[in-house]
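Colleague: This is input.txt, which holds compact mmCIF, C-alpha atoms:
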```
# COMPACT_ATOMS: atom_id res chain seq x y z
CA LYS A 1 -9.35 5.68 -12.86
CA ALA A 2 -8.05 2.53 -11.21
CA GLY A 3 -9.75 1.48 -7.99
CA VAL A 4 -8.23 0.38 -4.72
CA THR A 5 -5.93 -2.59 -5.22
CA GLN A 6 -5.14 -5.10 -2.51
CA THR A 7 -2.57 -7.85 -2.74
CA PRO A 8 -2.53 -10.72 -2.31
CA ARG A 9 -6.17 -11.76 -2.61
CA TYR A 10 -5.71 -14.95 -0.59
CA LEU A 11 -3.21 -16.06 2.02
CA ILE A 12 -2.80 -19.14 4.15
CA LYS A 13 -0.45 -18.85 7.10
CA THR A 14 0.45 -20.94 10.12
CA ARG A 15 -0.06 -19.86 13.71
CA GLY A 16 2.90 -17.89 15.00
CA GLN A 17 3.95 -16.62 11.60
CA GLN A 18 3.68 -13.02 10.48
CA VAL A 19 2.02 -11.59 7.40
CA THR A 20 2.13 -8.38 5.38
CA LEU A 21 -0.77 -7.14 3.30
CA SER A 22 -0.56 -4.40 0.72
CA CYS A 23 -2.97 -1.72 -0.44
CA SER A 24 -2.66 0.78 -3.28
CA PRO A 25 -5.25 3.56 -2.99
CA ILE A 26 -7.02 5.41 -5.76
CA SER A 27 -4.67 7.86 -7.40
CA GLY A 28 -4.73 11.16 -5.52
CA HIS A 29 -6.22 9.70 -2.34
CA ARG A 30 -4.01 10.28 0.67
CA SER A 31 -6.08 8.53 3.33
CA VAL A 32 -5.93 4.75 3.67
CA SER A 33 -7.90 2.79 6.24
CA TRP A 34 -7.85 -0.88 7.14
CA TYR A 35 -10.75 -2.99 8.38
CA GLN A 36 -11.06 -6.55 9.59
CA GLN A 37 -14.23 -8.41 8.65
CA THR A 38 -15.28 -11.61 10.41
CA PRO A 39 -18.66 -13.37 10.61
CA GLY A 40 -18.84 -12.89 14.36
CA GLN A 41 -17.59 -9.32 14.78
CA GLY A 42 -18.54 -7.77 11.46
CA LEU A 43 -16.44 -4.92 10.14
CA GLN A 44 -14.01 -3.50 12.64
CA PHE A 45 -11.72 -0.53 12.12
CA LEU A 46 -8.01 -1.24 12.48
CA PHE A 47 -6.26 2.04 11.66
CA GLU A 48 -6.10 4.94 9.25
CA TYR A 49 -3.10 6.60 7.68
CA PHE A 50 -2.95 10.01 6.13
CA SER A 51 0.19 11.44 4.56
CA GLU A 52 2.33 8.70 6.12
CA THR A 53 1.01 9.37 9.65
CA GLN A 54 -1.36 7.21 11.62
CA ARG A 55 -4.39 9.41 12.18
CA ASN A 56 -6.79 7.01 13.89
CA LYS A 57 -6.45 3.63 15.54
CA GLY A 58 -8.99 0.99 16.44
CA ASN A 59 -9.03 -1.32 19.41
CA PHE A 60 -6.67 -4.06 18.25
CA PRO A 61 -3.58 -5.50 19.94
CA GLY A 62 -0.11 -4.27 19.08
CA ARG A 63 0.45 -7.33 16.87
CA PHE A 64 -1.44 -5.38 14.25
CA SER A 65 0.57 -2.57 12.74
CA GLY A 66 0.66 -0.56 9.57
CA ARG A 67 2.48 2.06 7.64
CA GLN A 68 2.02 4.32 4.67
CA PHE A 69 4.58 5.28 2.10
CA SER A 70 5.15 8.60 0.37
CA ASN A 71 3.17 7.39 -2.67
CA SER A 72 0.20 6.70 -0.31
CA ARG A 73 0.49 2.93 -0.68
CA SER A 74 -0.05 1.22 2.63
CA GLU A 75 0.90 -2.04 4.25
CA MET A 76 -0.43 -3.73 7.32
CA ASN A 77 1.45 -6.34 9.26
CA VAL A 78 0.20 -8.93 11.69
CA SER A 79 2.80 -10.68 13.80
CA THR A 80 2.49 -13.89 15.80
CA LEU A 81 -0.64 -14.94 13.97
CA GLU A 82 -3.49 -16.53 15.90
CA LEU A 83 -6.36 -18.63 14.57
CA GLY A 84 -8.72 -15.77 15.39
CA ASP A 85 -6.90 -13.52 12.94
CA SER A 86 -8.50 -15.42 10.07
CA ALA A 87 -10.61 -12.81 8.34
CA LEU A 88 -11.18 -10.69 5.28
CA TYR A 89 -8.98 -7.62 5.52
CA LEU A 90 -10.32 -4.65 3.64
CA CYS A 91 -8.51 -1.50 2.66
CA ALA A 92 -10.27 1.74 1.82
CA SER A 93 -9.08 5.05 0.46
CA ARG A 94 -10.59 8.48 0.81
CA ALA A 95 -9.82 11.71 -0.97
CA ARG A 96 -8.82 14.59 1.26
CA GLY A 97 -11.90 16.43 2.45
CA ASP A 98 -14.31 13.71 1.38
CA THR A 99 -15.89 11.27 3.77
CA GLU A 100 -16.95 8.33 1.67
CA ALA A 101 -14.48 5.51 1.35
CA PHE A 102 -13.71 3.37 -1.66
CA PHE A 103 -12.87 -0.23 -0.87
CA GLY A 104 -10.60 -2.81 -2.38
CA GLN A 105 -11.59 -6.44 -2.95
CA GLY A 106 -9.91 -7.49 0.25
CA THR A 107 -7.33 -10.05 1.29
CA ARG A 108 -8.70 -13.31 2.67
CA LEU A 109 -6.31 -14.48 5.39
CA THR A 110 -6.63 -17.99 6.75
CA VAL A 111 -4.54 -18.98 9.75
CA VAL A 112 -4.12 -22.72 10.30
CA ALA B 1 -19.43 8.44 20.03
CA GLN B 2 -21.27 7.43 16.93
CA SER B 3 -22.94 4.07 16.41
CA VAL B 4 -25.20 2.32 13.96
CA THR B 5 -27.92 -0.28 14.51
CA GLN B 6 -29.25 -2.27 11.62
CA LEU B 7 -32.55 -3.56 12.84
CA ASP B 8 -32.71 -6.72 10.75
CA SER B 9 -29.92 -9.22 10.27
CA HIS B 10 -31.75 -10.90 7.38
CA VAL B 11 -34.49 -9.71 5.05
CA SER B 12 -36.11 -11.90 2.44
CA VAL B 13 -38.28 -10.50 -0.37
CA SER B 14 -39.78 -11.80 -3.59
CA GLU B 15 -38.45 -10.52 -6.88
CA GLY B 16 -40.41 -7.45 -7.98
CA THR B 17 -41.55 -6.49 -4.48
CA PRO B 18 -40.27 -3.50 -2.45
CA VAL B 19 -37.16 -3.63 -0.31
CA LEU B 20 -36.82 -1.94 3.09
CA LEU B 21 -33.59 -2.21 5.08
CA ARG B 22 -33.73 -0.36 8.38
CA CYS B 23 -30.94 1.61 10.02
CA ASN B 24 -30.86 3.78 13.14
CA TYR B 25 -27.81 5.85 14.06
CA SER B 26 -26.40 7.70 17.00
CA SER B 27 -24.10 10.66 16.53
CA SER B 28 -22.94 13.61 18.58
CA TYR B 29 -22.62 15.81 15.53
CA SER B 30 -24.32 16.31 12.21
CA PRO B 31 -23.37 13.00 10.70
CA SER B 32 -22.55 11.74 7.26
CA LEU B 33 -24.39 8.52 6.51
CA PHE B 34 -23.77 5.87 3.89
CA TRP B 35 -25.08 2.60 2.60
CA TYR B 36 -22.63 0.08 1.18
CA VAL B 37 -23.34 -3.24 -0.50
CA GLN B 38 -21.12 -6.31 -0.46
CA HIS B 39 -21.61 -9.21 -2.83
CA PRO B 40 -20.07 -12.58 -1.88
CA ASN B 41 -16.28 -12.54 -1.83
CA LYS B 42 -16.20 -8.94 -2.97
CA GLY B 43 -15.23 -5.63 -1.45
CA LEU B 44 -17.76 -2.98 -0.46
CA GLN B 45 -19.43 -0.74 -3.01
CA LEU B 46 -20.93 2.63 -2.12
CA LEU B 47 -24.66 2.71 -2.84
CA LEU B 48 -25.42 6.22 -1.65
CA LYS B 49 -24.43 8.91 0.83
CA TYR B 50 -26.04 11.65 2.90
CA THR B 51 -23.94 14.67 3.79
CA SER B 52 -26.48 17.29 5.06
CA ALA B 53 -27.90 18.26 1.70
CA ALA B 54 -31.25 16.83 0.56
CA THR B 55 -32.77 14.43 3.07
CA LEU B 56 -33.90 12.03 0.34
CA VAL B 57 -30.83 10.56 -1.26
CA LYS B 58 -30.84 8.61 -4.51
CA GLY B 59 -28.17 6.03 -5.16
CA ILE B 60 -27.17 3.49 -7.73
CA ASN B 61 -29.29 0.58 -8.97
CA GLY B 62 -32.57 2.24 -8.00
CA PHE B 63 -31.88 2.44 -4.27
CA GLU B 64 -32.69 5.47 -2.18
CA ALA B 65 -32.61 6.42 1.50
CA GLU B 66 -34.26 9.08 3.60
CA PHE B 67 -32.50 10.86 6.43
CA LYS B 68 -34.90 11.49 9.33
CA LYS B 69 -33.20 13.42 12.10
CA SER B 70 -36.18 13.27 14.46
CA GLU B 71 -36.17 9.48 14.25
CA THR B 72 -32.36 9.14 13.89
CA SER B 73 -33.03 6.82 10.98
CA PHE B 74 -31.60 6.29 7.53
CA HIS B 75 -33.59 3.45 5.99
CA LEU B 76 -32.73 2.06 2.56
CA THR B 77 -35.49 1.34 0.07
CA LYS B 78 -35.99 0.10 -3.46
CA PRO B 79 -39.38 -0.11 -5.20
CA SER B 80 -38.78 -3.43 -6.92
CA ALA B 81 -36.22 -6.05 -5.96
CA HIS B 82 -34.10 -7.80 -8.53
CA MET B 83 -32.29 -11.09 -8.14
CA SER B 84 -28.97 -9.27 -8.47
CA ASP B 85 -29.78 -7.25 -5.33
CA ALA B 86 -29.13 -10.29 -3.14
CA ALA B 87 -26.13 -9.27 -1.03
CA GLU B 88 -25.05 -7.92 2.37
CA TYR B 89 -25.89 -4.28 3.06
CA PHE B 90 -24.13 -2.07 5.56
CA CYS B 91 -25.27 1.20 7.06
CA VAL B 92 -22.34 3.44 7.99
CA VAL B 93 -21.96 6.66 9.97
CA SER B 94 -19.16 9.19 10.18
CA ASP B 95 -19.13 12.25 12.43
CA ALA B 96 -16.64 14.23 10.39
CA GLY B 97 -14.30 13.84 7.49
CA ASN B 98 -11.34 12.78 9.57
CA THR B 99 -13.01 10.21 11.78
CA PRO B 100 -13.24 6.50 11.02
CA LEU B 101 -16.36 5.11 9.46
CA VAL B 102 -18.51 3.11 11.89
CA PHE B 103 -20.34 0.14 10.37
CA GLY B 104 -23.54 -1.56 11.35
CA LYS B 105 -23.57 -5.35 11.65
CA GLY B 106 -25.06 -5.71 8.18
CA THR B 107 -28.35 -6.95 6.74
CA ARG B 108 -28.36 -9.92 4.41
CA LEU B 109 -30.92 -9.45 1.65
CA SER B 110 -32.28 -12.54 -0.05
CA VAL B 111 -34.39 -12.23 -3.18
CA ILE B 112 -36.71 -15.12 -4.02
CA ALA B 113 -37.69 -15.80 -7.61
```
Output the file's structure in the form of C-alpha cells.

Modeller:
Amino acid sequence: KAGVTQTPRYLIKTRGQQVTLSCSPISGHRSVSWYQQTPGQGLQFLFEYFSETQRNKGNFPGRFSGRQFSNSRSEMNVSTLELGDSALYLCASRARGDTEAFFGQGTRLTVV
Amino acid sequence: AQSVTQLDSHVSVSEGTPVLLRCNYSSSYSPSLFWYVQHPNKGLQLLLKYTSAATLVKGINGFEAEFKKSETSFHLTKPSAHMSDAAEYFCVVSDAGNTPLVFGKGTRLSVIA
C-alpha cells in the first residue's frame, strides 16, 4: 500500500508570491490534515479535511487555505508569502474511525 | 483542551544503555496517545499508540510506553539504545477520533557510541 505522497519536496519562493502544495493520502483514507513545522514553534496544526469539507482549523491567518478533492487528494495554498512562512509542511492522512495519522515526507518551503 | 508537555528537549545516552523520554498530557476525555519519531529531513513515523486497551504499549524497534492515568504520563522507553535511534521524538494526544492531534515540542535523542 502506497504511503502519503507530498509534492513537491522542496520549494523556493519569493516574498509576496503564492504557493500550492499537494498531498495524496493513503488509498481509502478520507481525512487529510496539514501541519507546519518550524524550529521555533514546533508542529502546528493548520487544518483538516474530511470528505471535501474542512472539519477542523488551526490558528493561522486567512492567507493559509486548503481544499480536498473527491478522490481525497488535498492541496494547501499560501498567498502573499512572508519570510516566516518558511517551514516544513507535513500532510497526514487518517482512515475513518481511526485516530493515528500517517505522515508524508513533507514539503520544505523556503521564502526568500 | 488537550495539551502535551515533553519534559526534556534533549536527551543523550550511550549506545546500549536504556532510553527514557518523558511525556505528560492533559485531556478532558479519555485520550488516545501516540509517540512519533522523525529522522532528519523525513516525515513522522508512528512508533506506538495507546487507545484505552492495555496500559503498557509495545511499538516498533523495541520501544514501549506505559499509560499512567494517575500521573497523566505516557513515557517512552527502550532497554538498549542503538545508534539508529538518534532522532526527534514527539508525544501526541488526541481526545477523540475527529479532533486534531496535538503535538509536544519534541525531544531530540542523541546516541553516543

Colleague: Tell me which protein, DNA and RNA residues are within 7 Å of Leu83 in chain A, counting only C-alpha atoms, leaving out same-chain ones fewer than 6 positions away, and put them as a PyMOL selection string.

Modeller: chain A and resi 15+111-112

Colleague: With 8 Å as the limit and counting all atoms listed in the file, what residues in chain B lie close to chain A? Please list them as a PyMOL selection string.

Modeller: chain B and resi 32+34+41-46+49+94+96-106

Colleague: When distances are computed from all atoms listed in the file, which of B:Ser28, B:Gly59, B:Phe67, B:Leu21 shows the smallest separation from Ser9 in chain B?

Modeller: B:Leu21

Colleague: Which neighbours of Val13 in chain B fall inside 8 Å, counting all atoms listed in the file, when residues of the same chain fewer than 6 positions from it are skipped, and could you give them as a ChimeraX atom specification?

Modeller: /B:19,81,109-112

Colleague: Might you pull out every residue within 8 Å of range 22-25 of chain A, with all atoms listed in the file counted and same-chain residues fewer than 4 positions away left off, and present them as a ChimeraX atom specification?

Modeller: /A:3-8,29-30,32,72-76,91-93,104

Colleague: To one decimal place, how far is CA of Asn71 in chain A from CA of Tyr36 in chain B in Å?

Modeller: 27.1 Å

Colleague: Quick check, in Å to one decimal: how far apart do CA of Arg22 in chain B and CA of Asn59 in chain A lie?

Modeller: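 Pair CA of Arg22 in chain B / CA of Asn59 in chain A returns 27.1 Å.
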
Colleague: Can you pull out the residues contacting Ala53 in chain B? Cut-off 12 Å, using only C-alpha atoms, and skip same-chain residues under 5 positions away; I want them as a ChimeraX atom specification.

Modeller: /B:30-33,58,66-67

Colleague: Quick one: of A:Thr14, A:Glu52, A:Arg9, A:Gly62, who's nearest to Gly84 in chain A, counting only C-alpha atoms?

Modeller: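 When distances to Gly84 in chain A are compared using only C-alpha atoms, the smallest one comes from A:Thr14.
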
Colleague: Kindly indicate which residue among A:Gln18, A:Leu11, A:Asp85, A:Pro61 lies nearest to Gln36 in chain A, using all atoms listed in the file for the distances.

Modeller: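 Of A:Gln18, A:Leu11, A:Asp85, A:Pro61, the one nearest Gln36 in chain A is A:Asp85, counting all atoms listed in the file.
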
Colleague: Distance CA of Gln2 in chain B-CA of Arg108 in chain B, one decimal place?

Modeller: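 CA of Arg108 in chain B lies 22.5 Å from CA of Gln2 in chain B.
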
Colleague: So which residues touch His75 in chain B within 10 Å, counting all atoms listed in the file, skipping near sequence neighbours fewer than 6 positions away, as a PyMOL selection string?

Modeller: chain B and resi 6-7+20-24+35+64-68+91

Colleague: Mind dumping range 33-47 of chain A from that block, keeping all heavy atoms, as a compact mmCIF listing (two decimals), in the first residue's frame?

Modeller:
```txt
# COMPACT_ATOMS: atom_id res chain seq x y z
N SER A 33 -4.90 16.00 6.97
CA SER A 33 -4.56 17.14 7.82
C SER A 33 -3.24 17.73 7.35
O SER A 33 -2.39 17.03 6.81
CB SER A 33 -4.41 16.71 9.28
OG SER A 33 -5.60 16.16 9.78
N TRP A 34 -3.08 19.02 7.63
CA TRP A 34 -1.85 19.72 7.30
C TRP A 34 -1.25 20.32 8.56
O TRP A 34 -1.97 20.85 9.43
CB TRP A 34 -2.13 20.84 6.30
CG TRP A 34 -2.47 20.37 4.93
CD1 TRP A 34 -3.72 20.07 4.45
CD2 TRP A 34 -1.56 20.15 3.85
NE1 TRP A 34 -3.64 19.67 3.13
CE2 TRP A 34 -2.34 19.72 2.74
CE3 TRP A 34 -0.19 20.28 3.69
CZ2 TRP A 34 -1.76 19.42 1.50
CZ3 TRP A 34 0.39 19.99 2.47
CH2 TRP A 34 -0.39 19.56 1.38
N TYR A 35 0.07 20.25 8.64
CA TYR A 35 0.81 20.78 9.78
C TYR A 35 1.99 21.60 9.27
O TYR A 35 2.60 21.28 8.25
CB TYR A 35 1.35 19.67 10.68
CG TYR A 35 0.28 18.86 11.36
CD1 TYR A 35 -0.36 17.82 10.70
CD2 TYR A 35 -0.10 19.15 12.67
CE1 TYR A 35 -1.35 17.08 11.32
CE2 TYR A 35 -1.09 18.41 13.31
CZ TYR A 35 -1.71 17.38 12.62
OH TYR A 35 -2.69 16.65 13.25
N GLN A 36 2.31 22.64 10.03
CA GLN A 36 3.51 23.44 9.75
C GLN A 36 4.53 23.13 10.84
O GLN A 36 4.20 23.15 12.03
CB GLN A 36 3.18 24.93 9.77
CG GLN A 36 4.37 25.82 9.48
CD GLN A 36 4.12 27.27 9.86
OE1 GLN A 36 3.97 27.59 11.03
NE2 GLN A 36 4.07 28.15 8.86
N GLN A 37 5.75 22.84 10.44
CA GLN A 37 6.80 22.56 11.41
C GLN A 37 7.94 23.55 11.25
O GLN A 37 8.55 23.68 10.18
CB GLN A 37 7.34 21.13 11.24
CG GLN A 37 8.35 20.75 12.32
CD GLN A 37 8.83 19.32 12.20
OE1 GLN A 37 8.83 18.72 11.12
NE2 GLN A 37 9.23 18.74 13.31
N THR A 38 8.22 24.27 12.32
CA THR A 38 9.34 25.21 12.36
C THR A 38 10.16 24.97 13.61
O THR A 38 9.63 24.45 14.60
CB THR A 38 8.86 26.67 12.37
OG1 THR A 38 8.02 26.87 13.51
CG2 THR A 38 8.09 27.01 11.11
N PRO A 39 11.44 25.34 13.60
CA PRO A 39 12.27 25.12 14.79
C PRO A 39 11.74 25.86 16.02
O PRO A 39 11.81 25.34 17.13
CB PRO A 39 13.64 25.67 14.37
CG PRO A 39 13.64 25.56 12.89
CD PRO A 39 12.23 25.82 12.47
N GLY A 40 11.18 27.02 15.83
CA GLY A 40 10.73 27.80 16.98
C GLY A 40 9.37 27.38 17.53
O GLY A 40 9.17 27.36 18.74
N GLN A 41 8.45 27.05 16.66
CA GLN A 41 7.07 26.76 17.06
C GLN A 41 6.73 25.28 17.08
O GLN A 41 5.66 24.89 17.54
CB GLN A 41 6.08 27.47 16.13
CG GLN A 41 6.21 28.98 16.14
CD GLN A 41 5.92 29.55 17.50
OE1 GLN A 41 4.99 29.14 18.19
NE2 GLN A 41 6.74 30.51 17.93
N GLY A 42 7.62 24.44 16.58
CA GLY A 42 7.33 23.01 16.54
C GLY A 42 6.27 22.69 15.51
O GLY A 42 6.16 23.37 14.49
N LEU A 43 5.49 21.68 15.79
CA LEU A 43 4.44 21.24 14.86
C LEU A 43 3.12 21.91 15.22
O LEU A 43 2.60 21.74 16.32
CB LEU A 43 4.27 19.72 14.96
CG LEU A 43 5.18 18.90 14.07
CD1 LEU A 43 5.50 17.57 14.70
CD2 LEU A 43 4.52 18.70 12.72
N GLN A 44 2.59 22.64 14.27
CA GLN A 44 1.33 23.33 14.50
C GLN A 44 0.29 22.89 13.47
O GLN A 44 0.59 22.82 12.28
CB GLN A 44 1.54 24.84 14.41
CG GLN A 44 2.41 25.40 15.52
CD GLN A 44 2.48 26.91 15.44
OE1 GLN A 44 3.16 27.47 14.59
NE2 GLN A 44 1.75 27.58 16.32
N PHE A 45 -0.90 22.67 13.96
CA PHE A 45 -2.00 22.20 13.11
C PHE A 45 -2.54 23.33 12.27
O PHE A 45 -2.85 24.42 12.79
CB PHE A 45 -3.09 21.61 14.02
CG PHE A 45 -4.36 21.28 13.32
CD1 PHE A 45 -4.45 20.18 12.49
CD2 PHE A 45 -5.48 22.06 13.50
CE1 PHE A 45 -5.63 19.86 11.85
CE2 PHE A 45 -6.68 21.76 12.87
CZ PHE A 45 -6.75 20.65 12.05
N LEU A 46 -2.68 23.09 10.97
CA LEU A 46 -3.24 24.09 10.06
C LEU A 46 -4.72 23.85 9.85
O LEU A 46 -5.55 24.70 10.16
CB LEU A 46 -2.51 24.04 8.72
CG LEU A 46 -1.15 24.73 8.68
CD1 LEU A 46 -0.28 24.15 7.59
CD2 LEU A 46 -1.33 26.22 8.47
N PHE A 47 -5.07 22.73 9.26
CA PHE A 47 -6.47 22.38 9.04
C PHE A 47 -6.59 20.90 8.68
O PHE A 47 -5.61 20.24 8.35
CB PHE A 47 -7.15 23.23 7.94
CG PHE A 47 -6.24 23.76 6.88
CD1 PHE A 47 -5.60 22.91 5.99
CD2 PHE A 47 -6.01 25.12 6.76
CE1 PHE A 47 -4.76 23.40 5.02
CE2 PHE A 47 -5.17 25.62 5.78
CZ PHE A 47 -4.55 24.76 4.91
```
